[in-house]
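J.: Got a file for you: protein.csv, CSV, C-alpha atoms.
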```csv
chain,number,residue,atom,x,y,z
A,1,MET,CA,-15.1,22.0,5.3
A,2,THR,CA,-11.5,22.9,4.6
A,3,ARG,CA,-10.1,26.3,5.4
A,4,THR,CA,-9.4,28.7,2.6
A,5,GLU,CA,-6.0,30.1,1.7
A,6,TYR,CA,-6.9,33.6,2.9
A,7,PRO,CA,-9.7,33.3,5.4
A,8,TRP,CA,-9.3,36.8,6.7
A,9,LEU,CA,-10.7,38.1,3.4
A,10,LEU,CA,-14.0,36.2,3.9
A,11,PRO,CA,-16.9,36.7,6.3
A,12,SER,CA,-16.6,34.6,9.5
A,13,ALA,CA,-19.5,32.4,8.2
A,14,MET,CA,-17.5,31.5,5.1
A,15,ALA,CA,-13.9,31.5,6.4
A,16,GLY,CA,-14.0,27.9,7.5
A,17,PRO,CA,-14.8,25.7,10.6
A,18,GLU,CA,-14.7,27.2,14.0
A,19,LEU,CA,-11.6,26.8,16.1
A,20,PRO,CA,-11.8,25.0,19.5
A,21,GLY,CA,-11.6,28.4,21.3
A,22,ASP,CA,-14.2,30.0,19.1
A,23,ARG,CA,-17.2,28.2,20.6
A,24,GLY,CA,-19.5,30.5,22.7
A,25,ARG,CA,-18.2,33.8,21.2
A,26,THR,CA,-18.5,35.7,18.0
A,27,ARG,CA,-15.4,35.2,15.8
A,28,ARG,CA,-14.6,38.1,13.5
A,29,THR,CA,-12.2,38.1,10.6
A,30,VAL,CA,-10.3,41.1,9.4
A,31,ARG,CA,-13.0,41.7,6.8
A,32,ASP,CA,-15.6,41.5,9.5
A,33,TRP,CA,-13.8,44.2,11.6
A,34,ALA,CA,-13.6,46.4,8.5
A,35,VAL,CA,-17.3,45.9,7.7
A,36,ASP,CA,-18.3,46.6,11.3
A,37,LEU,CA,-16.3,49.7,11.4
A,38,THR,CA,-17.7,50.9,8.1
A,39,ALA,CA,-21.3,50.2,9.3
A,40,PHE,CA,-20.6,52.1,12.6
A,41,LEU,CA,-19.3,55.1,10.7
A,42,CYS,CA,-22.2,55.1,8.2
A,43,ALA,CA,-24.8,54.9,11.1
A,44,ALA,CA,-22.9,57.6,12.9
A,45,GLY,CA,-22.8,59.8,9.8
A,46,ILE,CA,-26.5,59.4,9.3
A,47,GLY,CA,-27.1,60.2,12.9
A,48,LEU,CA,-24.9,63.3,12.8
A,49,ALA,CA,-26.7,64.6,9.7
A,50,THR,CA,-30.1,64.0,11.4
A,51,LEU,CA,-28.8,65.7,14.6
A,52,ALA,CA,-27.6,68.7,12.6
A,53,ALA,CA,-31.1,69.0,11.0
A,54,ILE,CA,-32.7,68.8,14.5
A,55,GLU,CA,-30.3,71.3,15.9
A,56,ALA,CA,-30.9,73.7,13.1
A,57,ASP,CA,-34.6,73.8,14.0
A,58,PRO,CA,-35.1,76.8,16.3
A,59,THR,CA,-38.1,75.2,18.0
A,60,THR,CA,-36.0,72.4,19.4
A,61,SER,CA,-34.5,72.9,22.8
A,62,ASP,CA,-30.9,72.1,23.8
A,63,THR,CA,-32.1,69.4,26.1
A,64,PHE,CA,-33.7,67.5,23.3
A,65,VAL,CA,-30.5,67.9,21.2
A,66,LEU,CA,-28.5,66.5,24.1
A,67,VAL,CA,-30.8,63.6,24.7
A,68,ASP,CA,-30.9,62.8,20.9
A,69,SER,CA,-27.1,62.9,20.9
A,70,LEU,CA,-26.7,60.5,23.7
A,71,ILE,CA,-29.4,58.1,22.4
A,72,GLY,CA,-27.9,58.2,18.9
A,73,ALA,CA,-24.4,57.5,20.2
A,74,ALA,CA,-25.8,54.5,22.2
A,75,ALA,CA,-27.6,53.2,19.2
A,76,CYS,CA,-24.5,53.4,17.0
A,77,CYS,CA,-22.4,51.7,19.7
A,78,ALA,CA,-25.0,48.9,20.1
A,79,LEU,CA,-24.2,47.9,16.4
A,80,TRP,CA,-21.1,46.1,17.6
A,81,LEU,CA,-23.5,43.5,19.1
A,82,ARG,CA,-25.4,43.0,15.8
A,83,ARG,CA,-23.6,39.7,15.0
A,84,ARG,CA,-24.4,38.1,18.3
A,85,TRP,CA,-28.0,39.3,18.8
A,86,PRO,CA,-29.3,40.5,15.4
A,87,VAL,CA,-33.0,39.9,16.2
A,88,GLY,CA,-33.0,41.5,19.6
A,89,LEU,CA,-31.0,44.5,18.4
A,90,ALA,CA,-33.2,45.1,15.4
A,91,VAL,CA,-36.4,44.9,17.6
A,92,VAL,CA,-35.0,47.4,20.1
A,93,LEU,CA,-33.8,49.8,17.4
A,94,THR,CA,-37.1,49.6,15.6
A,95,LEU,CA,-39.0,50.6,18.8
A,96,LEU,CA,-36.4,53.3,19.5
A,97,ALA,CA,-36.5,54.8,16.0
A,98,THR,CA,-40.2,55.5,16.3
A,99,VAL,CA,-39.4,58.4,18.7
A,100,GLU,CA,-35.8,59.0,17.9
A,101,PRO,CA,-34.8,60.0,14.3
A,102,VAL,CA,-31.1,59.9,15.2
A,103,ALA,CA,-31.3,56.1,15.5
A,104,ALA,CA,-32.6,55.7,11.9
A,105,GLY,CA,-29.1,54.9,10.6
A,106,ALA,CA,-28.4,52.3,13.3
A,107,LEU,CA,-31.8,50.8,12.5
A,108,LEU,CA,-31.0,50.4,8.8
A,109,VAL,CA,-27.7,48.7,9.6
A,110,ALA,CA,-29.4,46.4,12.2
A,111,LEU,CA,-32.1,45.4,9.7
A,112,PHE,CA,-29.4,44.6,7.1
A,113,SER,CA,-27.5,42.5,9.6
A,114,LEU,CA,-30.7,40.7,10.5
A,115,ALA,CA,-31.4,39.8,6.9
A,116,VAL,CA,-27.8,38.6,6.4
A,117,HIS,CA,-27.5,36.4,9.5
A,118,ARG,CA,-31.0,35.0,10.1
A,119,PRO,CA,-33.5,33.0,8.0
A,120,PHE,CA,-36.6,34.4,6.3
A,121,ARG,CA,-39.1,34.0,9.1
A,122,PRO,CA,-37.6,36.3,11.8
A,123,VAL,CA,-36.5,38.7,9.1
A,124,ALA,CA,-40.1,38.9,7.8
A,125,LEU,CA,-41.6,39.4,11.3
A,126,VAL,CA,-39.2,42.1,12.3
A,127,GLY,CA,-39.3,43.7,8.8
A,128,LEU,CA,-43.1,43.9,8.9
A,129,GLY,CA,-42.9,45.5,12.3
A,130,ALA,CA,-40.5,48.1,11.1
A,131,LEU,CA,-42.7,48.9,8.1
A,132,ALA,CA,-45.7,49.1,10.3
A,133,VAL,CA,-44.2,51.7,12.7
A,134,ALA,CA,-42.3,53.6,9.9
A,135,PRO,CA,-45.0,56.4,9.7
A,136,VAL,CA,-45.0,56.9,13.5
A,137,GLN,CA,-41.6,58.7,13.7
A,138,PRO,CA,-42.5,61.4,11.0
A,139,TYR,CA,-45.8,61.9,12.7
A,140,LEU,CA,-44.4,62.4,16.2
A,141,ARG,CA,-41.3,64.3,15.2
A,142,PRO,CA,-41.9,65.7,11.7
A,143,ASP,CA,-39.2,67.2,9.6
A,144,PRO,CA,-40.0,70.9,8.9
A,145,ASP,CA,-38.4,70.7,5.4
A,146,THR,CA,-40.1,67.4,4.3
A,147,SER,CA,-43.7,66.5,4.2
A,148,PHE,CA,-45.2,63.6,6.2
A,149,LEU,CA,-45.9,61.5,3.1
A,150,ALA,CA,-42.5,62.0,1.7
A,151,SER,CA,-40.8,61.1,5.0
A,152,THR,CA,-43.0,58.0,5.3
A,153,VAL,CA,-42.3,56.8,1.7
A,154,ILE,CA,-38.6,57.4,2.1
A,155,GLY,CA,-38.5,55.4,5.3
A,156,LEU,CA,-40.5,52.5,3.8
A,157,LEU,CA,-38.2,52.4,0.8
A,158,LEU,CA,-35.1,52.4,2.8
A,159,ILE,CA,-36.3,49.6,5.0
A,160,LEU,CA,-37.3,47.5,2.0
A,161,LEU,CA,-33.9,48.3,0.3
A,162,VAL,CA,-31.7,47.1,3.2
A,163,LEU,CA,-33.9,44.0,3.9
A,164,SER,CA,-33.7,43.0,0.2
A,165,TRP,CA,-30.0,43.7,0.0
A,166,GLY,CA,-29.3,41.6,3.1
A,167,MET,CA,-31.3,38.7,1.9
A,168,ILE,CA,-29.4,38.7,-1.4
A,169,VAL,CA,-26.1,38.7,0.5
A,170,ARG,CA,-27.4,35.8,2.6
A,171,SER,CA,-28.5,33.8,-0.5
A,172,ARG,CA,-25.1,34.3,-2.2
A,173,ARG,CA,-23.2,33.2,0.9
A,174,GLN,CA,-25.4,30.1,1.2
A,175,LEU,CA,-24.8,29.3,-2.4
A,176,VAL,CA,-21.0,29.6,-2.0
A,177,VAL,CA,-21.0,27.5,1.1
A,178,SER,CA,-23.2,24.8,-0.5
A,179,LEU,CA,-20.9,24.8,-3.6
A,180,ARG,CA,-17.8,24.5,-1.3
A,181,GLU,CA,-19.5,21.6,0.6
A,182,ARG,CA,-20.4,19.9,-2.6
A,183,ALA,CA,-16.8,20.2,-3.9
A,184,VAL,CA,-15.5,18.8,-0.7
A,185,ARG,CA,-18.0,16.0,-0.8
A,186,ALA,CA,-17.2,15.3,-4.5
A,187,GLU,CA,-13.4,15.1,-3.6
A,188,THR,CA,-14.2,12.7,-0.7
A,189,GLU,CA,-16.4,10.5,-2.9
A,190,ALA,CA,-13.7,10.5,-5.6
A,191,ALA,CA,-11.1,9.5,-3.1
A,192,LEU,CA,-13.4,6.7,-1.8
A,193,ARG,CA,-14.1,5.5,-5.3
A,194,ALA,CA,-10.3,5.5,-6.1
A,195,GLU,CA,-9.6,3.5,-2.9
A,196,GLN,CA,-12.4,1.1,-3.7
A,197,ALA,CA,-11.1,0.6,-7.2
A,198,GLN,CA,-7.6,-0.1,-5.9
A,199,ARG,CA,-9.0,-2.6,-3.4
A,200,LEU,CA,-11.0,-4.4,-6.1
A,201,ALA,CA,-8.0,-4.4,-8.4
A,202,ARG,CA,-5.8,-5.9,-5.6
A,203,GLU,CA,-8.5,-8.5,-4.9
A,204,ASP,CA,-8.7,-9.4,-8.6
A,205,ILE,CA,-4.9,-9.7,-8.8
A,206,ALA,CA,-4.8,-11.9,-5.7
A,207,ARG,CA,-7.7,-14.1,-6.9
A,208,GLU,CA,-6.0,-14.5,-10.3
A,209,MET,CA,-2.6,-15.3,-8.8
A,210,HIS,CA,-4.2,-17.8,-6.5
A,211,ASP,CA,-6.2,-19.5,-9.2
A,212,VAL,CA,-3.2,-19.7,-11.6
A,213,LEU,CA,-0.4,-20.6,-9.2
A,214,ALA,CA,-2.2,-22.8,-6.7
A,215,HIS,CA,-2.7,-25.6,-9.2
A,216,ARG,CA,1.0,-25.6,-10.2
A,217,LEU,CA,2.4,-25.2,-6.7
A,218,THR,CA,0.2,-28.0,-5.4
A,219,LEU,CA,1.7,-30.4,-8.0
A,220,LEU,CA,5.2,-29.4,-6.9
A,221,SER,CA,4.3,-29.9,-3.2
A,222,VAL,CA,2.6,-33.3,-3.7
A,223,HIS,CA,5.4,-34.8,-5.9
A,224,ALA,CA,8.2,-33.3,-3.8
A,225,GLY,CA,6.6,-34.8,-0.7
A,226,ALA,CA,6.3,-38.1,-2.4
A,227,LEU,CA,10.0,-38.1,-3.3
A,228,GLU,CA,10.9,-37.1,0.2
A,229,PHE,CA,8.9,-39.8,1.9
A,230,ARG,CA,9.7,-42.5,-0.6
A,231,PRO,CA,13.4,-42.4,-1.3
A,232,ASP,CA,13.3,-46.1,-2.3
A,233,ALA,CA,10.8,-45.6,-5.1
A,234,PRO,CA,11.5,-47.2,-8.5
A,235,PRO,CA,13.7,-45.0,-10.8
A,236,ALA,CA,10.8,-44.8,-13.3
A,237,GLU,CA,8.5,-43.4,-10.7
A,238,VAL,CA,11.1,-40.9,-9.5
A,239,ALA,CA,11.8,-39.8,-13.0
A,240,ARG,CA,8.1,-39.3,-13.7
A,241,ALA,CA,7.7,-37.3,-10.5
A,242,ALA,CA,10.8,-35.2,-11.3
A,243,GLY,CA,9.4,-34.5,-14.8
A,244,VAL,CA,6.0,-33.4,-13.3
A,245,ILE,CA,7.9,-31.1,-10.9
A,246,ARG,CA,10.0,-29.7,-13.7
A,247,ASP,CA,6.9,-29.1,-15.9
A,248,SER,CA,4.9,-27.6,-13.1
A,249,ALA,CA,7.7,-25.3,-12.2
A,250,HIS,CA,8.0,-24.2,-15.8
A,251,GLU,CA,4.3,-23.6,-16.1
A,252,ALA,CA,4.2,-21.7,-12.8
A,253,LEU,CA,7.0,-19.4,-14.0
A,254,GLN,CA,5.1,-18.9,-17.3
A,255,ASP,CA,1.9,-18.0,-15.4
A,256,LEU,CA,3.8,-15.7,-13.0
A,257,ARG,CA,5.5,-14.0,-16.0
A,258,GLU,CA,2.1,-13.5,-17.6
A,259,ILE,CA,0.6,-11.9,-14.5
A,260,ILE,CA,3.6,-9.6,-14.0
A,261,GLY,CA,3.2,-8.6,-17.7
A,262,VAL,CA,-0.5,-7.7,-17.0
A,263,LEU,CA,0.5,-5.7,-13.9
A,264,ARG,CA,3.2,-3.8,-15.9
A,265,GLY,CA,0.6,-2.9,-18.6
A,266,PRO,CA,0.7,-3.2,-22.3
A,267,ARG,CA,3.5,-0.8,-22.7
A,268,ASP,CA,6.0,-2.6,-20.5
A,269,GLY,CA,4.6,-6.1,-20.9
A,270,ASP,CA,6.1,-8.7,-23.1
A,271,PRO,CA,3.4,-9.7,-25.6
A,272,ASP,CA,5.3,-12.8,-26.7
A,273,GLY,CA,5.3,-14.3,-23.3
A,274,ASN,CA,1.6,-13.7,-22.7
A,275,ARG,CA,-0.5,-16.8,-23.4
A,276,PRO,CA,-4.2,-16.8,-24.1
A,277,GLN,CA,-6.6,-17.0,-21.1
A,278,PRO,CA,-8.0,-20.5,-20.4
A,279,THR,CA,-11.4,-21.3,-21.7
A,280,LEU,CA,-13.8,-24.3,-21.7
A,281,ALA,CA,-11.8,-25.8,-24.6
A,282,THR,CA,-8.7,-26.1,-22.4
A,283,LEU,CA,-10.7,-28.1,-19.8
A,284,ASP,CA,-9.6,-31.4,-21.4
A,285,ALA,CA,-6.0,-30.3,-21.2
A,286,LEU,CA,-6.4,-29.6,-17.5
A,287,VAL,CA,-7.9,-33.0,-16.8
A,288,ALA,CA,-5.1,-34.6,-18.9
A,289,GLU,CA,-2.5,-32.7,-16.9
A,290,SER,CA,-4.0,-33.9,-13.6
A,291,ARG,CA,-4.0,-37.5,-14.8
A,292,GLU,CA,-0.4,-37.2,-15.8
A,293,ALA,CA,0.3,-36.1,-12.2
A,294,GLY,CA,-1.2,-39.3,-10.9
A,295,MET,CA,-4.8,-38.3,-10.2
A,296,LYS,CA,-7.8,-40.3,-11.2
A,297,VAL,CA,-10.1,-37.9,-12.9
A,298,THR,CA,-13.4,-38.6,-14.8
A,299,LEU,CA,-14.7,-35.8,-17.1
A,300,ASP,CA,-18.3,-35.8,-18.1
A,301,ASN,CA,-18.9,-32.9,-20.5
A,302,ARG,CA,-22.5,-32.9,-21.6
A,303,LEU,CA,-22.8,-29.3,-22.8
A,304,ALA,CA,-25.2,-28.8,-25.7
A,305,ASP,CA,-22.8,-26.7,-27.7
A,306,SER,CA,-19.4,-26.2,-26.1
A,307,ASP,CA,-18.1,-23.9,-28.9
A,308,ALA,CA,-21.0,-21.4,-28.2
A,309,VAL,CA,-20.2,-21.0,-24.5
A,310,PRO,CA,-19.2,-17.3,-23.8
A,311,ALA,CA,-15.5,-16.9,-23.2
A,312,ALA,CA,-16.0,-15.4,-19.7
A,313,SER,CA,-18.2,-18.3,-18.6
A,314,GLY,CA,-15.8,-20.8,-20.0
A,315,ARG,CA,-12.9,-19.2,-18.2
A,316,THR,CA,-14.9,-19.3,-14.9
A,317,VAL,CA,-15.8,-23.0,-15.5
A,318,TYR,CA,-12.1,-23.7,-16.0
A,319,ARG,CA,-11.1,-21.9,-12.8
A,320,ILE,CA,-13.7,-23.7,-10.8
A,321,ALA,CA,-12.6,-27.1,-12.1
A,322,GLN,CA,-8.9,-26.2,-11.6
A,323,GLU,CA,-9.4,-25.1,-7.9
A,324,ALA,CA,-11.6,-28.2,-7.2
A,325,LEU,CA,-9.0,-30.5,-8.6
A,326,THR,CA,-6.2,-28.7,-6.7
A,327,ASN,CA,-8.2,-29.1,-3.4
A,328,ALA,CA,-8.9,-32.8,-4.1
A,329,ARG,CA,-5.2,-33.4,-4.8
A,330,LYS,CA,-4.2,-31.7,-1.5
A,331,HIS,CA,-6.9,-33.1,0.8
A,332,ALA,CA,-8.0,-36.4,-0.8
A,333,PRO,CA,-5.0,-37.8,-2.8
A,334,GLY,CA,-5.6,-41.2,-4.5
A,335,THR,CA,-9.3,-40.8,-4.8
A,336,GLU,CA,-11.3,-40.6,-8.0
A,337,VAL,CA,-12.5,-37.1,-8.8
A,338,THR,CA,-15.6,-36.6,-11.0
A,339,VAL,CA,-16.0,-33.4,-13.0
A,340,ALA,CA,-19.4,-33.0,-14.6
A,341,VAL,CA,-20.3,-30.1,-16.8
A,342,THR,CA,-23.9,-29.8,-18.1
A,343,GLY,CA,-26.3,-27.2,-19.5
A,344,GLY,CA,-27.1,-25.3,-22.6
A,345,PRO,CA,-28.3,-21.9,-23.9
A,346,GLY,CA,-31.0,-20.5,-21.7
A,347,GLN,CA,-30.5,-23.1,-19.0
A,348,GLY,CA,-27.1,-22.0,-17.8
A,349,ILE,CA,-23.9,-24.1,-17.1
A,350,THR,CA,-23.7,-26.4,-14.1
A,351,VAL,CA,-20.3,-27.5,-12.9
A,352,ASP,CA,-20.2,-30.4,-10.3
A,353,VAL,CA,-16.9,-31.6,-9.0
A,354,ARG,CA,-16.9,-34.4,-6.4
A,355,ASN,CA,-14.4,-36.6,-4.7
A,356,PRO,CA,-14.9,-39.3,-2.0
A,357,ALA,CA,-13.1,-39.4,1.3
A,358,PRO,CA,-9.5,-40.5,1.2
A,359,THR,CA,-8.9,-44.2,2.1
A,360,GLU,CA,-5.1,-44.1,2.6
A,361,PRO,CA,-3.0,-42.0,5.0
A,362,PHE,CA,-1.3,-39.1,3.4
A,363,THR,CA,0.7,-36.0,4.4
A,364,PRO,CA,-1.7,-33.0,4.4
A,365,VAL,CA,-0.8,-30.0,2.4
A,366,PRO,CA,-1.6,-26.7,4.2
A,367,GLY,CA,-4.4,-24.5,2.8
A,368,SER,CA,-6.1,-21.3,3.8
A,369,GLY,CA,-9.5,-21.8,2.2
A,370,GLN,CA,-9.1,-18.6,0.2
A,371,GLY,CA,-9.5,-20.5,-3.1
A,372,LEU,CA,-13.1,-21.4,-2.5
A,373,ILE,CA,-13.9,-17.9,-1.2
A,374,GLY,CA,-12.4,-16.5,-4.5
A,375,LEU,CA,-14.4,-19.0,-6.5
A,376,THR,CA,-17.6,-17.9,-4.8
A,377,GLU,CA,-16.8,-14.3,-5.6
A,378,ARG,CA,-15.9,-15.1,-9.2
A,379,ALA,CA,-19.2,-17.0,-9.7
A,380,THR,CA,-21.2,-14.2,-8.1
A,381,LEU,CA,-19.5,-11.6,-10.3
A,382,ALA,CA,-20.4,-13.7,-13.3
A,383,GLY,CA,-24.1,-13.7,-12.3
A,384,GLY,CA,-24.1,-17.2,-10.9
A,385,ARG,CA,-23.7,-19.0,-7.6
A,386,LEU,CA,-21.4,-21.6,-6.0
A,387,ASP,CA,-21.9,-24.0,-3.2
A,388,HIS,CA,-19.3,-26.3,-1.6
A,389,GLY,CA,-19.1,-28.6,1.4
A,390,PRO,CA,-18.7,-32.1,2.6
A,391,THR,CA,-20.9,-35.0,1.3
A,392,PRO,CA,-22.6,-37.6,3.5
A,393,GLY,CA,-19.9,-40.2,2.8
A,394,GLY,CA,-17.1,-38.0,4.0
A,395,GLY,CA,-16.1,-36.6,0.6
A,396,PHE,CA,-16.3,-33.1,-0.7
A,397,ALA,CA,-18.4,-31.5,-3.5
A,398,VAL,CA,-18.2,-28.2,-5.3
A,399,ARG,CA,-21.3,-27.2,-7.3
A,400,ALA,CA,-21.7,-24.0,-9.4
A,401,TRP,CA,-24.2,-22.6,-11.7
A,402,LEU,CA,-23.4,-19.9,-14.3
A,403,PRO,CA,-25.8,-18.1,-16.7
A,404,TRP,CA,-25.8,-18.8,-20.4
A,405,ALA,CA,-28.0,-16.5,-22.4
A,406,SER,CA,-29.8,-18.0,-25.3
```
Let's see the structure in the file written out as structure tokens.
T.:
Amino acid sequence: MTRTEYPWLLPSAMAGPELPGDRGRTRRTVRDWAVDLTAFLCAAGIGLATLAAIEADPTTSDTFVLVDSLIGAAACCALWLRRRWPVGLAVVLTLLATVEPVAAGALLVALFSLAVHRPFRPVALVGLGALAVAPVQPYLRPDPDTSFLASTVIGLLLILLVLSWGMIVRSRRQLVVSLRERAVRAETEAALRAEQAQRLAREDIAREMHDVLAHRLTLLSVHAGALEFRPDAPPAEVARAAGVIRDSAHEALQDLREIIGVLRGPRDGDPDGNRPQPTLATLDALVAESREAGMKVTLDNRLADSDAVPAASGRTVYRIAQEALTNARKHAPGTEVTVAVTGGPGQGITVDVRNPAPTEPFTPVPGSGQGLIGLTERATLAGGRLDHGPTPGGGFAVRAWLPWAS
């Protein structure tokens, strides 16, 4: 719970958390000191008024007046302990008030403090005890100007009044504290939700940048490496590799510009430079691009109705095939890759990309494996699943299933 701006205006129970040096002792705010002083003065005023009535009775000796004065002063001074020991003080003053009318004011203050600082059970027990012994004091030391019945009724009503008032104050404080805790908890949860949303947004951006750029940059790496290790290649092959490098660099820049435009938002983005998101219809173009880069790719598209595939599922199929082709180009160059897409409405879409083990030596392209992790997350978010791993012959397979509602 956070501290308020002016804790000295609140009770110590509502002013905020305890300080390290507050443990083991009663901490009072400025308001608490003012309330304690007011309660002491009220109890002393009631005690002085009662003492004046006792002194005015000619049948009362001076010794009784002196004893009443000392006991009343001790009862009022004991009220400074009401915050630390409210139950014990209320019990002692209840017993004392049965024979000492001067302590009646201190008893009322002690009962009020008990109701404010303690739960219902001890308040009810002590309160019932105070109500039970309320007729004892008027019976033992009657007021000559007030009847026994009137004194008893007044005492009962005063006890019930201070107990009810104290419980109302306690309930209000508990309500304020619970509302404050709820507000702090809501702020904390909102901050956690905002942090989680930012993290998910960063993950989405990283996944999209990896899926979009890894394919292009892999082409650049493979063909640049081929030019580096085969400087004596025929001019036609060098020209074709240079053309692939140029086209891949251009496409990578276009993709990067598109992502940056999305990050900037629709206000600052360039709508003319944003191209439509890939779908299942662009899978043929992806395969053709891979073939132009020198890969051997076989596409087996046996979907029942390709045009009816949801856009989100088609985009996921495209990303899975793109990442699988990129990995095959990096880790198994020269092998024939098979891309099979099957399924239909109500059955789902199955994507199976396989490549055998490489048969010729090659320069490995470094990879972190984040692409397959991102594909697994993408398939899971789409409501499907994705499995990947080596095949018995030393190749590699990526198999995914995505839902397709009928």
J.: Between A:Val317, A:Val339, A:Leu386, A:Val162, which one has atoms that come closest to Ala281 of chain A, using all atoms listed in the file?
T.: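 Of A:Val317, A:Val339, A:Leu386, A:Val162, the one nearest Ala281 of chain A is A:Val317, counting all atoms listed in the file.
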J.: Give me, please, the distance in Å between atom CA of Tyr318 of chain A and atom CA of Ser306 of chain A, quoted to one decimal.
T.: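 Answer for the atom CA of Tyr318 of chain A to atom CA of Ser306 of chain A separation: 12.7 Å.
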J.: Would you work out the distance separating atom CA of Val341 of chain A from atom CA of Leu299 of chain A, expressed in Å to one decimal?
T.: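 Going from atom CA of Val341 of chain A over to atom CA of Leu299 of chain A, I get 8.0 Å.
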J.: Mind pulling up the distance from atom CA of Ala75 of chain A to atom CA of Pro122 of chain A?
T.: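 Rounded to one decimal, the two atoms are 21.0 Å apart.
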J.: Counting all atoms listed in the file, which residue out of A:Ala97, A:Ala52, A:Ala249, A:Ala90 sits closest to Ile71 of chain A?
T.: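 Going through A:Ala97, A:Ala52, A:Ala249, A:Ala90 one by one, the smallest distance to Ile71 of chain A is for A:Ala97.
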J.: Measuring atom to atom with only C-alpha atoms, identify which of A:Arg378, A:His331, A:Arg170, A:Arg118 is nearest to Ala357 of chain A.
T.: A:His331
J.: Within 12 Å of (-36.1, 50.1, 2.7) (file coordinates; only C-alpha atoms), which protein or nucleic acid residues are there? I'd like them as a ChimeraX atom specification.
T.: /A:104-105,107-109,111-112,127-128,130-131,134,152-166
J.: Can you tell me which residues surround Glu100 of chain A at a distance of at most 12 Å, considering only C-alpha atoms, apart from same-chain residues fewer than 3 positions away, and format the answer as a PyMOL selection string?
T.: chain A and resi 47+50-51+54+64-65+67-75+92-97+103-107+134+136-142
J.: Rank A:Val123, A:Leu79, A:Leu89, A:Arg185 by their smallest atom-to-atom distance to Thr38 of chain A, using all atoms listed in the file, and report the top residue only.
T.: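 Ranking A:Val123, A:Leu79, A:Leu89, A:Arg185 by distance to Thr38 of chain A, first place goes to A:Leu79.
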J.: Choose the residue, out of A:Thr316, A:Thr338, A:Asn301, A:Ser171, that has the smallest atom-to-atom separation from Leu375 of chain A; count all atoms listed in the file.
T.: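 Among the listed residues, A:Thr316 lies closest to Leu375 of chain A.
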J.: Quick one: of A:Leu253, A:Asp145, A:Thr59, A:Leu200, who's nearest to Glu377 of chain A, counting all atoms listed in the file?
T.: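 Under the stated criterion, the closest residue is A:Leu200.
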J.: Any idea what's packed within 10 Å of Pro345 of chain A, counting all atoms listed in the file, ignoring anything in its chain fewer than 4 positions away? Could you give it as number ranges by chain?
T.: A: 303-305, 308-309, 349, 403-406
